[in-house]
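Structure first, then comments.
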Amino acid sequence: VMLPKGRPPKHGWPVVSWAHGTTGIADSCAPSRDPGGPYTAYAAAQFGAWLDSGYAIAFTDYEGLGTPGVHPYLVGRSEGRSVVDAIRATRQLDRRVGRLYVTAGHSQGGHAALFAAAVGPRWAPELKLRGVASFAPASHLGLLARVMTTLTTPSRLSGLSALMLRGMATTYPRVDLKKLVSDRARALFPQVDRRCVRELYASELFGGLPPSEMLRPGADVTAFTKALDAQNPNLKIAAPVLLLQGLTDPLTQPFMSDLLAAELRASGNRLTYLTYPGVEHIGIVGAADARTRKFFAARLR
């Protein structure tokens, strides 16, 4: 929890509930275990600006990170409730924190922020949702499962695939890792519960394994694909949505956010979709800072 300096306004400080990008599944990867670490430091300038603007910041670890149980990586309902529950916890810690809030997040967190905005009004009716800012959100995850067998070059997508397999298996019993994961990948799988994502990208771990070799030959991926499809953040959200995407992003590729923007508009959402030439995955948070602060200021008066 981060709080502004000085006295709060009459109804308390409004809240930005921040959802972080992928850190991993191991408890040691929880941002609260290393608040100044690499998985959070890239947004430090934005946090400072938001505090200076008079917003409290709630910052969840997500369910199962640093606490008992396995983190349901990219399971939208779990992430969304975690983002909203962080606001409730913040208000218990300090009653000067108000009820107005926006959700915001990057990558996995962009996905989480959208789910939080969708589930928030029912999950926490005592709070007042005013908007959501989503930076390069994960979307259309089922596409990865469908094309994995064609990706024959070692890449960090294998590490992300391992996290997704583990995450979906925590919530969907039909996602059976014994039937899905190849022998070579299974030998590495214990590291998913021990190492953070940057370590999983190493060549001696999943970074040295092509995505095509993650699954058993002929494995039935139907349950896995359906589980991932259910996490697509094409949701009905009862507040304005700001979607932000860098055009040189190799992870959340622009076409995926283009598709998501079209879906969100077709679902009747009040969407502003902005793209940034020459901006990659991490850089979008800083590149879109001015526009994001303008959005917050309009929504959190």
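Chain labels A, B, ... are given in the sequence in which chains occur in the structure tokens; within each chain residues are numbered consecutively from 1, and ligands are likewise numbered from 1 in the order shown.
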Close residues, Leu243 (chain A) itself excluded, 12 Å, only C-alpha atoms, min 4 positions apart in chain, as number ranges by chain: A: 103-107, 110-111, 113-114, 131-138, 233, 254, 256-262, 264-265, 269-276, 284-285, 288, 291-292, 295
Keeping C-alpha atoms, export the residues of the selection given above as a short mmCIF file (atom, residue, chain, number, x, y, z; two decimals), in the first residue's frame.
```cif
data_model
loop_
_atom_site.label_atom_id
_atom_site.label_comp_id
_atom_site.auth_asym_id
_atom_site.auth_seq_id
_atom_site.Cartn_x
_atom_site.Cartn_y
_atom_site.Cartn_z
CA THR A 103 -7.94 -0.46 -11.82
CA ALA A 104 -4.72 -0.35 -13.81
CA GLY A 105 -2.19 -2.95 -14.85
CA HIS A 106 0.43 -4.10 -17.31
CA SER A 107 0.71 -7.35 -19.30
CA GLY A 110 -3.52 -5.45 -17.90
CA HIS A 111 -5.53 -8.67 -18.18
CA ALA A 113 -7.23 -4.97 -14.41
CA LEU A 114 -9.89 -5.65 -17.04
CA GLY A 131 -12.51 3.24 -14.88
CA VAL A 132 -9.73 0.90 -15.99
CA ALA A 133 -6.37 1.52 -17.70
CA SER A 134 -4.92 -1.60 -19.30
CA PHE A 135 -1.35 -1.58 -20.67
CA ALA A 136 -0.53 -4.30 -23.25
CA PRO A 137 -2.91 -6.84 -21.69
CA ALA A 138 -2.65 -10.56 -22.28
CA PRO A 233 -10.76 -10.25 -21.39
CA PRO A 254 -0.35 -5.36 -31.53
CA MET A 256 -3.94 -9.13 -30.35
CA SER A 257 -4.81 -5.78 -28.79
CA ASP A 258 -6.40 -4.70 -32.08
CA LEU A 259 -8.65 -7.75 -31.87
CA LEU A 260 -9.42 -7.09 -28.21
CA ALA A 261 -10.29 -3.45 -28.91
CA ALA A 262 -12.74 -4.49 -31.62
CA LEU A 264 -14.63 -4.57 -26.38
CA ARG A 265 -16.31 -2.04 -28.67
CA ASN A 269 -17.85 -0.73 -23.76
CA ARG A 270 -16.78 2.92 -23.65
CA LEU A 271 -13.31 2.31 -25.02
CA THR A 272 -10.37 4.57 -25.83
CA TYR A 273 -7.66 2.60 -27.65
CA LEU A 274 -4.26 4.25 -28.15
CA THR A 275 -1.18 2.83 -29.86
CA TYR A 276 2.43 4.04 -29.58
CA ILE A 284 4.32 1.24 -22.74
CA VAL A 285 3.79 2.11 -19.07
CA ALA A 288 1.45 6.31 -21.97
CA ARG A 291 -2.45 10.05 -21.17
CA THR A 292 -3.05 7.72 -18.25
CA PHE A 295 -7.65 9.63 -17.67
#
```
10 Å contact set for Ile25 (chain A), only C-alpha atoms, chain neighbours under 2 positions out, as a PyMOL selection string: chain A and resi 22-23+27-30+62+64-66+70-73+163-164+166-167+191-197
Close residues, Ala49 (chain A) itself excluded, 12 Å, only C-alpha atoms, min 6 positions apart in chain, as a list in words: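 The residues satisfying every condition are Met2, Leu3, Pro4, Val16, Ala43, Tyr55, Ala56, Ile57, Gly286, Asp289, Ala290, Thr292, Arg293, Lys294, Phe296 and Ala297 of chain A.
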DSSP alpha helix (DSSP H) selection over region 79-127 of chain A, as a PyMOL selection string: chain A and resi 79-93+108-123
Members of region 20-149 of chain A assigned strand (DSSP E or B) by DSSP, as a list of chain:residue names: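 Put together, the selection reads A:Gly24, A:Ala56, A:Ile57, A:Ala58, A:Phe59, A:Val97, A:Gly98, A:Arg99, A:Leu100, A:Tyr101, A:Val102, A:Thr103, A:Ala104, A:Gly105, A:His106, A:Lys128, A:Leu129, A:Arg130, A:Gly131, A:Val132, A:Ala133, A:Ser134, A:Phe135.
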Length of the CA of Gly12 (chain A) to CA of Arg95 (chain A) vector [Å]: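 According to the coordinates, CA of Gly12 (chain A) and CA of Arg95 (chain A) are separated by 7.8 Å.
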Selected residue, from A:Asn232, A:Gly24, A:Arg174, A:Gly109, that lies nearest to Gly159 (chain A) when counting only C-alpha atoms: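 For Gly159 (chain A), the nearest of the given residues is A:Gly24.
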Nearest residue to Arg33 (chain A) from the set A:Ser267, A:Thr60, A:Ser82, A:Gln92 (distances using only C-alpha atoms): A:Thr60
